[in-house]
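*Asks:* Below you will find the structure I want to go over with you.
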Amino acid sequence: MKRTHPIRAGRLPALFAACLWLAMPVPAQAAPARVVSINVCTDQLAMLIAGEGQLHAVSALARDPNSSTMTTQAQAYAVNHALAEEIFLMKPDLVLAGTFSSRATVGLLRTLGITVEEFAPARSFDDVRENILRVGALLDRQGRAAALVAELDAGLAALAAEPPSGRKIALYDANSYTTGKGTLANEIFHAAGLVNVAEEMGITGSGRVPLEMLIVARPDMVATSFRDYGAPALAQENFVHPAFAALEAQSQPVAVPVPNMICGAPFTLEAAFVLQRAAAQGGARP
């Protein structure tokens, strides 16, 4: 008579149960019902994508017209200042943050068992698409996210339908800072059919450009932002230099809608349209 191994016999029910459990469908995870955002870019993505009552709070910068394009919409939500204590008391089931958000806040919230999803700043329109779709998945709002991506792509197609002017543009900010390759601003310039002087100089990311180099580059358009702090500031001395005034007189000054260039979303394209129209008014580069 064949003997059954006692250990194997005892394992059969457990193995059968394990296989049965693995074969069972996994229930879909419930969409977060109380979302808090602590970054101005995730603020705006959440406001664009979240369902009714799903988003509870946004950062204070969401109401700052120098940083956000959605200040009016932000009035409908509670405001936070990226402090772990205040966010914990809001009892969120999901927190959206930027990779540059307070490390202490993000770390403490995770220690307290709160889910925190971090987003890196968008540096290209591919990044913008990825961030939109990711927020859509996190909030279980994939349809809304797909519609926003379609809106973004339609806008890019409309920009591309116009022949590029090839005009050279320099973004010149306080303390002589500019942005070159690998930035969302550079992508916006390309979408508008412009050539970024900073990219031609070999600048990647943000960097300072001496006024002498800017003059030698002879940009057709000079874009500036935050030229008035409301009080004298050394950071803006570059704007009052006689040489810069002469450069502006010879080129085409253009005011860029800064909030549209900080974060990536369909509204980012408004900056590209503004620049494309300005370039058309200034004429083609010889």
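Scheme for the structure tokens: letters A, B, ... for chains in order shown; per-chain residue numbers from 1; ligand numbers from 1 in order shown.
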Looking only at strand (DSSP E or B) from DSSP on the backbone, list the matching residues of stretch 100-283 of chain A as a list in words.
*Replies:*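 Filtering stretch 100-283 of chain A down to strand (DSSP E or B) leaves Val116, Glu117, Glu118, Phe119, Lys168, Ile169, Ala170, Leu171, Tyr177, Thr178, Thr179, Lys181, Val195, Asn196, Thr204, Ser206, Gly207, Arg208, Met221, Val222, Ala223, Thr224, Gln252, Pro253, Val254 and Ala255 of chain A.
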*Asks:* Would you save the residues from that selection as a PDB file, in the first residue's frame, using N, CA and C atoms?
*Replies:*
ATOM      1  N   VAL A 116       1.808  60.265   0.083  1.00  0.00           N
ATOM      2  CA  VAL A 116       2.286  61.484  -0.565  1.00  0.00           C
ATOM      3  C   VAL A 116       2.857  61.101  -1.925  1.00  0.00           C
ATOM      4  N   GLU A 117       2.365  61.741  -2.969  1.00  0.00           N
ATOM      5  CA  GLU A 117       2.876  61.521  -4.320  1.00  0.00           C
ATOM      6  C   GLU A 117       3.606  62.792  -4.766  1.00  0.00           C
ATOM      7  N   GLU A 118       4.869  62.632  -5.182  1.00  0.00           N
ATOM      8  CA  GLU A 118       5.689  63.773  -5.562  1.00  0.00           C
ATOM      9  C   GLU A 118       5.828  63.880  -7.085  1.00  0.00           C
ATOM     10  N   PHE A 119       5.854  65.108  -7.566  1.00  0.00           N
ATOM     11  CA  PHE A 119       5.966  65.388  -8.992  1.00  0.00           C
ATOM     12  C   PHE A 119       7.156  66.307  -9.244  1.00  0.00           C
ATOM     13  N   LYS A 168      15.068  85.440 -32.852  1.00  0.00           N
ATOM     14  CA  LYS A 168      15.845  85.106 -31.659  1.00  0.00           C
ATOM     15  C   LYS A 168      15.260  85.828 -30.456  1.00  0.00           C
ATOM     16  N   ILE A 169      15.021  85.067 -29.389  1.00  0.00           N
ATOM     17  CA  ILE A 169      14.442  85.631 -28.180  1.00  0.00           C
ATOM     18  C   ILE A 169      15.369  85.385 -26.994  1.00  0.00           C
ATOM     19  N   ALA A 170      15.434  86.367 -26.118  1.00  0.00           N
ATOM     20  CA  ALA A 170      16.199  86.224 -24.879  1.00  0.00           C
ATOM     21  C   ALA A 170      15.255  86.484 -23.711  1.00  0.00           C
ATOM     22  N   LEU A 171      15.175  85.522 -22.808  1.00  0.00           N
ATOM     23  CA  LEU A 171      14.442  85.728 -21.564  1.00  0.00           C
ATOM     24  C   LEU A 171      15.439  86.290 -20.563  1.00  0.00           C
ATOM     25  N   TYR A 177      19.332  86.607 -14.872  1.00  0.00           N
ATOM     26  CA  TYR A 177      19.091  85.178 -15.086  1.00  0.00           C
ATOM     27  C   TYR A 177      18.313  84.935 -16.367  1.00  0.00           C
ATOM     28  N   THR A 178      18.585  83.794 -16.976  1.00  0.00           N
ATOM     29  CA  THR A 178      17.865  83.354 -18.152  1.00  0.00           C
ATOM     30  C   THR A 178      17.670  81.846 -18.073  1.00  0.00           C
ATOM     31  N   THR A 179      16.946  81.273 -19.017  1.00  0.00           N
ATOM     32  CA  THR A 179      16.732  79.828 -19.037  1.00  0.00           C
ATOM     33  C   THR A 179      17.077  79.279 -20.409  1.00  0.00           C
ATOM     34  N   LYS A 181      18.455  75.324 -22.432  1.00  0.00           N
ATOM     35  CA  LYS A 181      18.026  73.976 -22.803  1.00  0.00           C
ATOM     36  C   LYS A 181      17.562  73.195 -21.573  1.00  0.00           C
ATOM     37  N   VAL A 195      13.870  81.052 -31.583  1.00  0.00           N
ATOM     38  CA  VAL A 195      15.192  80.525 -31.252  1.00  0.00           C
ATOM     39  C   VAL A 195      15.617  81.144 -29.926  1.00  0.00           C
ATOM     40  N   ASN A 196      15.944  80.311 -28.968  1.00  0.00           N
ATOM     41  CA  ASN A 196      16.330  80.779 -27.638  1.00  0.00           C
ATOM     42  C   ASN A 196      17.821  81.138 -27.631  1.00  0.00           C
ATOM     43  N   THR A 204      22.273  75.348 -20.100  1.00  0.00           N
ATOM     44  CA  THR A 204      21.300  74.311 -19.764  1.00  0.00           C
ATOM     45  C   THR A 204      20.680  74.660 -18.416  1.00  0.00           C
ATOM     46  N   SER A 206      18.812  76.993 -15.756  1.00  0.00           N
ATOM     47  CA  SER A 206      18.876  78.435 -15.509  1.00  0.00           C
ATOM     48  C   SER A 206      20.319  78.871 -15.310  1.00  0.00           C
ATOM     49  N   GLY A 207      20.614  80.078 -15.723  1.00  0.00           N
ATOM     50  CA  GLY A 207      21.965  80.593 -15.547  1.00  0.00           C
ATOM     51  C   GLY A 207      21.988  82.096 -15.757  1.00  0.00           C
ATOM     52  N   ARG A 208      23.062  82.712 -15.334  1.00  0.00           N
ATOM     53  CA  ARG A 208      23.198  84.158 -15.480  1.00  0.00           C
ATOM     54  C   ARG A 208      23.920  84.490 -16.778  1.00  0.00           C
ATOM     55  N   MET A 221      13.981  89.723 -29.915  1.00  0.00           N
ATOM     56  CA  MET A 221      12.958  89.943 -28.906  1.00  0.00           C
ATOM     57  C   MET A 221      13.575  89.762 -27.524  1.00  0.00           C
ATOM     58  N   VAL A 222      13.190  90.613 -26.607  1.00  0.00           N
ATOM     59  CA  VAL A 222      13.661  90.491 -25.230  1.00  0.00           C
ATOM     60  C   VAL A 222      12.440  90.343 -24.333  1.00  0.00           C
ATOM     61  N   ALA A 223      12.340  89.197 -23.687  1.00  0.00           N
ATOM     62  CA  ALA A 223      11.214  88.921 -22.793  1.00  0.00           C
ATOM     63  C   ALA A 223      11.671  89.085 -21.347  1.00  0.00           C
ATOM     64  N   THR A 224      10.904  89.824 -20.586  1.00  0.00           N
ATOM     65  CA  THR A 224      11.239  90.039 -19.179  1.00  0.00           C
ATOM     66  C   THR A 224      10.024  89.764 -18.313  1.00  0.00           C
ATOM     67  N   GLN A 252      12.643  94.043 -29.900  1.00  0.00           N
ATOM     68  CA  GLN A 252      11.213  94.058 -29.627  1.00  0.00           C
ATOM     69  C   GLN A 252      10.969  93.551 -28.206  1.00  0.00           C
ATOM     70  N   PRO A 253      10.652  94.429 -27.271  1.00  0.00           N
ATOM     71  CA  PRO A 253      10.356  93.959 -25.911  1.00  0.00           C
ATOM     72  C   PRO A 253       9.009  93.265 -25.886  1.00  0.00           C
ATOM     73  N   VAL A 254       8.903  92.211 -25.108  1.00  0.00           N
ATOM     74  CA  VAL A 254       7.643  91.489 -24.988  1.00  0.00           C
ATOM     75  C   VAL A 254       7.470  91.031 -23.538  1.00  0.00           C
ATOM     76  N   ALA A 255       6.290  91.247 -23.019  1.00  0.00           N
ATOM     77  CA  ALA A 255       5.982  90.806 -21.653  1.00  0.00           C
ATOM     78  C   ALA A 255       5.394  89.404 -21.722  1.00  0.00           C
TER      79      ALA A 255
END
*Asks:* Could you produce a table of the residues of stretch 176-283 of chain A lying within 9 Å of stretch 122-125 of chain A, with the nearest pair of atoms per residue and their separation in Å rounded to one decimal, using only C-alpha atoms, ordered by chain and increasing residue number, as JSON lines?
*Replies:*
{"residue": "A:Gly182", "atom": "CA", "partner": "A:Arg123", "partner_atom": "CA", "distance": 5.9}
{"residue": "A:Thr183", "atom": "CA", "partner": "A:Arg123", "partner_atom": "CA", "distance": 4.6}
{"residue": "A:Leu184", "atom": "CA", "partner": "A:Arg123", "partner_atom": "CA", "distance": 4.4}
{"residue": "A:Ala185", "atom": "CA", "partner": "A:Arg123", "partner_atom": "CA", "distance": 8.0}
{"residue": "A:Asn186", "atom": "CA", "partner": "A:Ser124", "partner_atom": "CA", "distance": 8.4}
{"residue": "A:Glu187", "atom": "CA", "partner": "A:Ser124", "partner_atom": "CA", "distance": 6.0}
{"residue": "A:Ile188", "atom": "CA", "partner": "A:Ser124", "partner_atom": "CA", "distance": 8.6}
{"residue": "A:Ile262", "atom": "CA", "partner": "A:Ala122", "partner_atom": "CA", "distance": 8.8}
{"residue": "A:Cys263", "atom": "CA", "partner": "A:Ala122", "partner_atom": "CA", "distance": 6.9}
{"residue": "A:Gly264", "atom": "CA", "partner": "A:Ala122", "partner_atom": "CA", "distance": 5.9}
{"residue": "A:Ala265", "atom": "CA", "partner": "A:Phe125", "partner_atom": "CA", "distance": 8.6}
*Asks:* One number please: atom CA of A:Ile38 to atom CA of A:Ala235, in Å, one decimal.
*Replies:* 27.8 Å
*Asks:* State, in Å with one decimal place, the distance from atom CA of A:Glu162 to atom CA of A:Asn131.
*Replies:*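 It comes out at 27.1 Å.
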*Asks:* Measure the distance from atom CA of A:Tyr77 to atom CA of A:Val58 in Å and round it to one decimal.
*Replies:*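 Going from atom CA of A:Tyr77 over to atom CA of A:Val58, I get 6.5 Å.
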*Asks:* Using only C-alpha atoms for the distances, tell me which of A:Ala174, A:Val40, A:Leu133, A:Ala104 is nearest to A:Ser225.
*Replies:*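 Going through A:Ala174, A:Val40, A:Leu133, A:Ala104 one by one, the smallest distance to A:Ser225 is for A:Ala174.
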*Asks:* Counting only C-alpha atoms, which residue out of A:Ala62, A:Leu269, A:Val274, A:Gly53 sits closest to A:Ala154?
*Replies:*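 Closest to A:Ala154, using only C-alpha atoms: A:Leu269.
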*Asks:* List the neighbours of A:Met70 out to 12 Å using only C-alpha atoms; skip same-chain residues closer than 2 positions along the sequence, and give me the result as a PyMOL selection string.
*Replies:* chain A and resi 40-48+58-68+72-77+259-260+263+265+267-268
*Asks:* Excluding A:Ser251 and any residue of its chain fewer than 2 positions from it, enumerate the residues within 9 Å of it, using only C-alpha atoms, and give them as a PyMOL selection string.
*Replies:* chain A and resi 218-222+246-249+253
*Asks:* For A:Pro163, work out the shell of residues within 10 Å, counting only C-alpha atoms and skipping chain neighbours fewer than 4 positions away, then give it as a PDB file with all heavy atoms, in the first residue's frame.
*Replies:*
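The resulting selection.pdb:
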ATOM      1  N   LEU A 159      -0.091  75.665 -32.978  1.00  0.00           N
ATOM      2  CA  LEU A 159       1.149  76.446 -33.001  1.00  0.00           C
ATOM      3  C   LEU A 159       2.049  75.999 -34.151  1.00  0.00           C
ATOM      4  O   LEU A 159       2.639  76.828 -34.852  1.00  0.00           O
ATOM      5  CB  LEU A 159       1.887  76.285 -31.670  1.00  0.00           C
ATOM      6  CG  LEU A 159       1.290  77.006 -30.464  1.00  0.00           C
ATOM      7  CD1 LEU A 159       1.862  76.438 -29.168  1.00  0.00           C
ATOM      8  CD2 LEU A 159       1.560  78.512 -30.540  1.00  0.00           C
ATOM      9  N   ALA A 192       6.608  78.220 -30.105  1.00  0.00           N
ATOM     10  CA  ALA A 192       6.234  79.502 -30.706  1.00  0.00           C
ATOM     11  C   ALA A 192       7.033  79.806 -31.967  1.00  0.00           C
ATOM     12  O   ALA A 192       6.857  80.861 -32.583  1.00  0.00           O
ATOM     13  CB  ALA A 192       6.431  80.624 -29.689  1.00  0.00           C
ATOM     14  N   GLY A 193       7.932  78.902 -32.352  1.00  0.00           N
ATOM     15  CA  GLY A 193       8.729  79.103 -33.562  1.00  0.00           C
ATOM     16  C   GLY A 193       9.896  80.042 -33.375  1.00  0.00           C
ATOM     17  O   GLY A 193      10.378  80.654 -34.337  1.00  0.00           O
ATOM     18  N   GLN A 276       4.201  83.843 -30.125  1.00  0.00           N
ATOM     19  CA  GLN A 276       4.068  83.639 -31.571  1.00  0.00           C
ATOM     20  C   GLN A 276       3.413  84.853 -32.226  1.00  0.00           C
ATOM     21  O   GLN A 276       3.854  85.310 -33.293  1.00  0.00           O
ATOM     22  CB  GLN A 276       3.249  82.381 -31.853  1.00  0.00           C
ATOM     23  CG  GLN A 276       3.237  81.965 -33.319  1.00  0.00           C
ATOM     24  CD  GLN A 276       2.410  80.714 -33.546  1.00  0.00           C
ATOM     25  OE1 GLN A 276       1.188  80.732 -33.388  1.00  0.00           O
ATOM     26  NE2 GLN A 276       3.063  79.613 -33.912  1.00  0.00           N
ATOM     27  N   ALA A 280       5.089  87.541 -34.949  1.00  0.00           N
ATOM     28  CA  ALA A 280       4.463  87.855 -36.228  1.00  0.00           C
ATOM     29  C   ALA A 280       4.324  89.375 -36.407  1.00  0.00           C
ATOM     30  O   ALA A 280       4.502  89.907 -37.512  1.00  0.00           O
ATOM     31  CB  ALA A 280       3.094  87.185 -36.309  1.00  0.00           C
TER      32      ALA A 280
END
*Asks:* Which of these residues is nearest to A:Pro266, using only C-alpha atoms: A:Ala233, A:Asp173, A:Val128, A:Gly202?
*Replies:* A:Val128
*Asks:* Tell me which of A:Val36, A:Arg129, A:Glu86, A:Arg134 sits closest to A:Leu152, counting only C-alpha atoms.
*Replies:* A:Arg129
